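**Q** Submitted below is the structure of interest, expressed as structure tokens.
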Amino acid sequence: MRIVETIHKADWPAIVSRAAGVALLLVGVLLAAGLCAATPQDHSVTSIFDSHSTPADSIRQLSLFILGVTGLIFLVVFSLLSYVVVKFRGRAADKEHEPAQVYGSTQIELAWTIIPILIVVVLFLATARVIHAIQDVPKPAEAVQVTAIGHQFWWEFRYPGFGVVTANELHVPVSDPSHPTPTFLKLLSADTDHSFWIPQLAGKTDLIPNRVNETWLDPHETGLFFGQCAQYCGTQHAKMLLRVYVESPEDFQAWVRGQQQPANEDAREVAGRRVFERTACLNCHAINGTNGTGRFGPDLTHMMSRHAIASGAAENNSQNLRLWIQNPDSIKPGSLMPAMKLSDTELDALVRYLETLQ
Amino acid sequence: MSTLESRLPENSAVGKLPYRGKIGMACLIIAESAIFTIFVVAYLFYLGKSVSGPTPGEVLETPIFYTICLLSSSLTIHLARKLLERGRRTGFLALWLVTVVLGALFLYGTAQEWHRLIYEHGLTISTNLFGTTYYSLVGLHAFHVTAGLILLTIVLLFGLAGRLGSEHSARVDVLSLYWHFVDGVWIVVFTVVYVLGR
Amino acid sequence: MSSDAIAIQTAETPGRPWVATLHEWVTTVDHKRLGVLYILYALFFLVIGGIEATIIRIQLMYPHNDFVSPQVFNRMFTMHGTTMIFFVAMPILFGFANYLVPLLIGARDMAFPRLNAFSFWLTAFGGILLYFSFLGGSGLYGAGNAPDVGWWAYAPLASRAFSPGHSSDYWTIAILASGFGSIATSINIIATIISMRCTGMTLGRMPLFAWMNMVMSGMVLLAISPLSAAQIMLLVDRYLGGHFFDTQAGGSATLWMHFFWIFGHPEVYVLIIPCFAFVSEIIPVFSRKPIFGYPVMVGATVCIAFVSMSVWAHHMFTIGMSSYANSFFTITTMAVGVPTGIKIFNWLGTMWGGKIQFKTPMLFCIGFLFQFLIAGLTGIMLASSPFDWQLGGSYFVVAHFHYVIVGGILFALFGAFYYWFPKITGRMLNEGLGKLHFWLFVIGFHLTFDLMHIPGLLGMPRRIYTYEPGRGWETLNFLVTIGAFIQGIATLVFVANLIISYFKGTKAGNDPWDAWTLEWSVSSPPPAYNFASIPRVSSRRPLWDLKHPEDPDSHYE
């Protein structure tokens, strides 16, 4: 009788909406898990659980542990809440008598203070270990050294050891766990705060003006990894995208050698080169071998070796190049590239010239 | 509600609760201390980090005399308040006037120092990090001294008009608390800027 | 009842010119009127902030959407955050505190009524100034408009070099003004509670509502002040050529971050602690039991206040602090979860063995418990520094803090509305509409904020006006937006309930909930002077003692 009464009088709406909330959460987690099961080559879904590098791996393991512990806490407390809400429902007939007035219980309160403290200690120890493992790792001699400089709204990458300057698309060698060749990045900023985040390779680290930060990654498999700026830096923060090409050691060396060459000298495109050198282009952009030594915008010496322009905002092809030069606001409104206001002839010549810069 | 009152047993009273003006001023002092702490932290953090321009050691002169003025004004205001409590109006007014004069002297000293720094050494708030943090910190304090002086002068005027008596001593006490705070802040600022910072 | 007879009819007197009523409200120093003004002001800005959120969500429904330009979007998220924190949450909580604290401690008004009025108008001015930015101020490149630097206004983005025009100045001065208003109100609350309690009400006997608002006010004194200081420094930089945050002159961008978050973190506890207060008053009444463990509830609150002043740099885990600093802030942040978690157990302990009545105030409190639990647990995740290196600055954080603010704070506020609306207006809010409001809001809330965690886990950063397709974010963002619409509808139901019930609700009487604290001993609404004679209490639940003279609380405390 009592069970039937309890079921009959239970506040089903409240319970159902509670359960619906939990179900939604579970669905969401399953969705996320499903999304992690992306194909090996396609890393376009940048889940933090789809780690391919030691820092990201360590974080993933730690996060699963923490999720497990907090999940357990949730189940315990949620069960308590559900039980209380069902069992201690007031009955209309019983309104005259107040229940026993209990003011507290030292033992119970001690228990539910000590247990959380212990949980915190465990979580902290697990966390501290990973903090030190990632931050205090010594830099091996074979590490590739990159300097990343954040700009509004593009990334400058320099390889001081190789004399290479490029933009937006980072190339790194794959790292074999038995002979690690990690890439260490020194992070600087030319203007406001930015943040370098490739979720599948490492946690994010900020680029802050007047400050030198460092991060590292050692990708275990080749492929293309995505990320973007993760600290609001102004109007086009959203389109400050990142591409990281993880290559075999041979491919990486080939790429470096290509980048080290001076700019392609194509005699047919002298007109275009003249446009570059005689308009304001060279105030901001550098092309190795020309008079252009500007540092405000990306280095264009090998711009055709990049997949995208405008830090990932558009694919690198003729049409987009023309659009970008004539009217950057149509691709990336608020970027600091000015509309160059060239005549059609000048524009044609310039684009043809730029397209020779492999 | 009379019902509530009559039904409940007589119990020991809570006791005389603190004067709300004093509590209010204490809270204001806590908040202001937090503001000053941030300026002090900025000052200390930027010590030695100026990229160019004059350094503290090069241009600062310790304002001993004006510091003594300000700190003794705490003593005079304390004595003045005690006199008002006992209803000794003339004595109160005299000491209160001395307090105002000492405070004004301190402000004059600050103005003089700034004049020298700006015109002789070319140090302004925009010169370098030292300039920015120095003028902000000392300026914030001077602003609080000025506000205090205005309030003290108002009280002085009321007193001169014969409107103050021992029944106002609690309120005057609250104001003197503020003045003590201003002096306390100066002790910290003085130590940080003229002792540690050089 | 003697208090009814003495009640002076003012606004209700027929034939009274509306100008006179308006004048009365504008010049009032009565804590109850000011409380209502704060609440109405906040409700207005809640709707505005909600519209800004809706614009954000519509823009993010599809990748590469062009519902608004990036410039407008950036203004929207800046204004949404700034409005909700400073011109919705703070005023509404101060509004409830203003209204209830004197009543709960048996006083006739706050300690400084004129300061009270000044605080309100200063805060109100701040909000109006902030919104004037949409209209006023010209600057370079049309930048003179609403602020678009994010509600944290990080340096050097907010400096003259990167924010020409006056948009950032509107942000700075508006919040500076309302910050002084908040400090003044906190001074008032503390002085009132310490100096104006009625006879017999020791600190150990005053309602938890009073304790928690006192602790919150103490935190405001210590937390808002650093923000005020930082904003003065920003103004010095922007107008006097100062270099506080000028990285070119050797200044430090991270110094702004430290100053801001020394404010920013205690601020979120400032917002949640009064909500603990609401819940601590409502749950006992609807469980028909006293709060479980009153002394520990007080102790835990004070503990939270202290520890929360030491956790601020968990907002800065990614800026490159040393491993020792990161570890320190990890442990303190996790530690502050302990006293917070304890409270959830105390509330459960209150409900345990009770006779729970599932009226609307209680429904919202149960929702609060469930959601605050989850929010706290995602907070523990974010407290772990390496986990934060992935999750920080992403939509996971956005989901977490909205879970606290909407799922926790707003739910508790809704509960407070349904509970105290009868006291304030003399009429009950409609229970049917209340339940509809609750269910709709729960569904919308969970659809939006449960799912919102996932794009964060999949690498979606925050504060982006658009995103690339193919990252796995599209469907989730779409559904999140649908949930936002549902919450909007629920809010409209609530507003409708407020308006309809104000005119047509059932009369409430003094004590519609059969509660135990002093505000239920006077008429609804209370007379201007609150109590005909100052009450005398001898326990934490004076009305329980009155209603149960054979078994008063004073025997057990």
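Here's how to read the names in the structure tokens: chain A, B, ... by the order shown, residue numbers from 1 in each chain, ligand numbers from 1 in the order shown.
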Write out as a PyMOL selection string each polymer residue whose atoms come within 9 Å of Asn530 of chain C, counting only C-alpha atoms; drop sequence neighbours fewer than 5 positions from it.
**A** chain C and resi 3+102-103+106-109+519+522-523
**Q** Residues within 7 Å of segment 305-320 of chain C, please, as an MDAnalysis selection string. Count only C-alpha atoms; anything in the same chain fewer than 3 positions from it doesn't count.
**A** (chainID A and resid 204:206 213) or (chainID C and resid 219 258 261:262 265:266 301:302 326 329:330 332:333 336 383 385 388:389)
**Q** Find the residues near Ala111 of chain B: any atom within 12 Å, counting only C-alpha atoms, skip ones fewer than 3 places away on the same chain, and give them as a PDB file with C-alpha atoms, in the first residue's frame.
**A**
```pdb
ATOM      1  CA  PRO B  63      59.373  64.517   2.856  1.00  0.00           C
ATOM      2  CA  TYR B  66      55.384  67.120   5.887  1.00  0.00           C
ATOM      3  CA  ALA B 104      46.775  71.605   4.521  1.00  0.00           C
ATOM      4  CA  LEU B 105      50.522  71.869   5.123  1.00  0.00           C
ATOM      5  CA  PHE B 106      50.914  68.260   4.035  1.00  0.00           C
ATOM      6  CA  LEU B 107      49.037  68.943   0.825  1.00  0.00           C
ATOM      7  CA  TYR B 108      51.203  71.978   0.210  1.00  0.00           C
ATOM      8  CA  TRP B 114      55.323  67.520  -7.598  1.00  0.00           C
ATOM      9  CA  HIS B 115      56.233  70.929  -8.909  1.00  0.00           C
ATOM     10  CA  ARG B 116      59.889  70.142  -8.415  1.00  0.00           C
ATOM     11  CA  LEU B 117      59.587  66.698 -10.003  1.00  0.00           C
ATOM     12  CA  ILE B 118      57.780  68.010 -13.054  1.00  0.00           C
ATOM     13  CA  TYR B 135      51.800  59.965  -9.258  1.00  0.00           C
ATOM     14  CA  VAL B 138      50.679  59.504  -4.065  1.00  0.00           C
ATOM     15  CA  GLY B 139      47.918  61.284  -5.972  1.00  0.00           C
ATOM     16  CA  ALA B 142      46.448  63.216  -1.689  1.00  0.00           C
ATOM     17  CA  PHE B 143      42.927  63.005  -3.099  1.00  0.00           C
ATOM     18  CA  THR B 146      41.770  66.598   0.236  1.00  0.00           C
TER      19      THR B 146
END
```
**Q** Would you kindly return, as a compact mmCIF listing (two decimals) with C-alpha atoms, in the first residue's frame, each protein, DNA or RNA residue with an atom no farther than 7 Å from any atom of Trp520 of chain C, considering only C-alpha atoms and excluding same-chain residues fewer than 2 positions away?
**A**
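Writing the result to around.txt gives the following:
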```txt
# COMPACT_ATOMS: atom_id res chain seq x y z
CA ASN C 510 0.57 37.84 6.14
CA ASP C 511 1.91 34.32 6.00
CA ALA C 515 6.89 30.20 7.46
CA THR C 517 10.98 34.25 10.01
CA LEU C 518 10.02 37.78 11.01
CA VAL C 522 3.78 41.72 9.25
```
**Q** At a cut-off of 7 Å, which residues of chain C touch chain B? Count only C-alpha atoms and give the answer as a PDB file with N, CA and C atoms, in the first residue's frame.
**A**
```pdb
ATOM      1  N   SER C   3      -0.725  46.375  13.024  1.00  0.00           N
ATOM      2  CA  SER C   3       0.106  46.890  11.943  1.00  0.00           C
ATOM      3  C   SER C   3      -0.759  47.253  10.733  1.00  0.00           C
ATOM      4  N   ALA C 111      20.627  50.940   7.743  1.00  0.00           N
ATOM      5  CA  ALA C 111      21.364  51.846   8.623  1.00  0.00           C
ATOM      6  C   ALA C 111      21.464  53.244   8.020  1.00  0.00           C
ATOM      7  N   ILE C 187      28.336  48.458   2.506  1.00  0.00           N
ATOM      8  CA  ILE C 187      28.572  49.131   3.786  1.00  0.00           C
ATOM      9  C   ILE C 187      27.256  49.212   4.556  1.00  0.00           C
ATOM     10  N   ASN C 188      26.212  49.557   3.830  1.00  0.00           N
ATOM     11  CA  ASN C 188      24.887  49.693   4.434  1.00  0.00           C
ATOM     12  C   ASN C 188      24.415  48.373   5.025  1.00  0.00           C
ATOM     13  N   ALA C 191      26.486  47.412   8.193  1.00  0.00           N
ATOM     14  CA  ALA C 191      26.157  48.272   9.337  1.00  0.00           C
ATOM     15  C   ALA C 191      24.766  47.945   9.862  1.00  0.00           C
ATOM     16  N   SER C 195      24.417  46.541  13.600  1.00  0.00           N
ATOM     17  CA  SER C 195      23.977  47.542  14.567  1.00  0.00           C
ATOM     18  C   SER C 195      22.476  47.635  14.772  1.00  0.00           C
ATOM     19  N   THR C 199      15.764  43.075  19.549  1.00  0.00           N
ATOM     20  CA  THR C 199      16.102  42.503  20.854  1.00  0.00           C
ATOM     21  C   THR C 199      16.101  40.985  20.814  1.00  0.00           C
ATOM     22  N   GLY C 200      17.148  40.414  21.367  1.00  0.00           N
ATOM     23  CA  GLY C 200      17.217  38.956  21.443  1.00  0.00           C
ATOM     24  C   GLY C 200      17.840  38.310  20.232  1.00  0.00           C
ATOM     25  N   MET C 201      18.008  39.074  19.160  1.00  0.00           N
ATOM     26  CA  MET C 201      18.558  38.448  17.959  1.00  0.00           C
ATOM     27  C   MET C 201      20.074  38.557  17.976  1.00  0.00           C
ATOM     28  N   THR C 202      20.705  37.563  18.610  1.00  0.00           N
ATOM     29  CA  THR C 202      22.154  37.507  18.561  1.00  0.00           C
ATOM     30  C   THR C 202      22.561  37.113  17.141  1.00  0.00           C
ATOM     31  N   LEU C 221      33.323  44.461  -0.452  1.00  0.00           N
ATOM     32  CA  LEU C 221      34.294  45.474  -0.033  1.00  0.00           C
ATOM     33  C   LEU C 221      35.699  45.110  -0.481  1.00  0.00           C
ATOM     34  N   LEU C 222      36.016  43.811  -0.393  1.00  0.00           N
ATOM     35  CA  LEU C 222      37.376  43.400  -0.713  1.00  0.00           C
ATOM     36  C   LEU C 222      37.567  43.084  -2.182  1.00  0.00           C
ATOM     37  N   SER C 225      36.708  46.570  -4.908  1.00  0.00           N
ATOM     38  CA  SER C 225      37.734  47.604  -4.813  1.00  0.00           C
ATOM     39  C   SER C 225      38.907  47.366  -5.759  1.00  0.00           C
ATOM     40  N   PRO C 226      39.452  46.149  -5.850  1.00  0.00           N
ATOM     41  CA  PRO C 226      40.523  45.945  -6.834  1.00  0.00           C
ATOM     42  C   PRO C 226      40.092  46.273  -8.257  1.00  0.00           C
ATOM     43  N   ALA C 229      40.154  49.967  -8.600  1.00  0.00           N
ATOM     44  CA  ALA C 229      41.544  50.424  -8.725  1.00  0.00           C
ATOM     45  C   ALA C 229      42.060  50.182 -10.141  1.00  0.00           C
ATOM     46  N   LEU C 240      45.689  59.900 -19.412  1.00  0.00           N
ATOM     47  CA  LEU C 240      46.794  60.706 -18.920  1.00  0.00           C
ATOM     48  C   LEU C 240      48.137  60.199 -19.433  1.00  0.00           C
ATOM     49  N   GLY C 241      48.085  59.302 -20.399  1.00  0.00           N
ATOM     50  CA  GLY C 241      49.336  58.809 -20.948  1.00  0.00           C
ATOM     51  C   GLY C 241      50.091  57.872 -20.022  1.00  0.00           C
ATOM     52  N   GLY C 242      49.362  57.274 -19.085  1.00  0.00           N
ATOM     53  CA  GLY C 242      50.030  56.380 -18.155  1.00  0.00           C
ATOM     54  C   GLY C 242      50.450  55.085 -18.833  1.00  0.00           C
ATOM     55  N   HIS C 243      51.220  54.262 -18.104  1.00  0.00           N
ATOM     56  CA  HIS C 243      51.772  53.040 -18.698  1.00  0.00           C
ATOM     57  C   HIS C 243      51.485  51.811 -17.862  1.00  0.00           C
ATOM     58  N   PHE C 244      50.448  51.865 -17.028  1.00  0.00           N
ATOM     59  CA  PHE C 244      50.176  50.712 -16.173  1.00  0.00           C
ATOM     60  C   PHE C 244      50.144  49.408 -16.964  1.00  0.00           C
ATOM     61  N   ALA C 249      56.005  50.099 -23.000  1.00  0.00           N
ATOM     62  CA  ALA C 249      56.827  50.857 -22.044  1.00  0.00           C
ATOM     63  C   ALA C 249      57.307  49.964 -20.913  1.00  0.00           C
ATOM     64  N   GLY C 250      57.208  48.667 -21.099  1.00  0.00           N
ATOM     65  CA  GLY C 250      57.631  47.769 -20.040  1.00  0.00           C
ATOM     66  C   GLY C 250      56.506  47.339 -19.126  1.00  0.00           C
ATOM     67  N   PHE C 531       7.547  47.348  11.439  1.00  0.00           N
ATOM     68  CA  PHE C 531       6.999  46.756  12.665  1.00  0.00           C
ATOM     69  C   PHE C 531       6.410  47.849  13.540  1.00  0.00           C
ATOM     70  N   ALA C 532       5.213  47.599  14.061  1.00  0.00           N
ATOM     71  CA  ALA C 532       4.609  48.597  14.951  1.00  0.00           C
ATOM     72  C   ALA C 532       5.491  48.771  16.178  1.00  0.00           C
ATOM     73  N   SER C 533       5.966  47.671  16.749  1.00  0.00           N
ATOM     74  CA  SER C 533       6.987  47.776  17.797  1.00  0.00           C
ATOM     75  C   SER C 533       8.061  46.744  17.505  1.00  0.00           C
ATOM     76  N   PRO C 535      10.358  43.813  17.379  1.00  0.00           N
ATOM     77  CA  PRO C 535      10.110  42.476  17.926  1.00  0.00           C
ATOM     78  C   PRO C 535      11.161  42.056  18.944  1.00  0.00           C
ATOM     79  N   ARG C 536      10.807  41.039  19.705  1.00  0.00           N
ATOM     80  CA  ARG C 536      11.754  40.380  20.604  1.00  0.00           C
ATOM     81  C   ARG C 536      11.807  38.936  20.225  1.00  0.00           C
ATOM     82  N   SER C 538      13.706  34.933  20.668  1.00  0.00           N
ATOM     83  CA  SER C 538      14.565  34.122  21.532  1.00  0.00           C
ATOM     84  C   SER C 538      15.028  32.859  20.834  1.00  0.00           C
TER      85      SER C 538
END
```
**Q** Interatomic distance between atom CA of Val29 of chain C and atom CA of Val88 of chain C?
**A**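 One can read the atom CA of Val29 of chain C to atom CA of Val88 of chain C distance as 21.2 Å.
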**Q** Enumerate the residues of segment 56-128 of chain B with a DSSP assignment of helix (DSSP H, G or I), computed from the backbone, and present them as a PyMOL selection string.
**A** chain B and resi 56-59+64-85+89-121
**Q** Would you list the contacts of segment 109-117 of chain A as a PyMOL selection string, taking every protein, DNA or RNA residue within 12 Å and counting only C-alpha atoms, but skipping same-chain residues closer than 2 positions in sequence?
**A** (chain A and resi 69-70+73+77+103-107+119-124) or (chain C and resi 292-297+300+331-332+334-349+377+380)
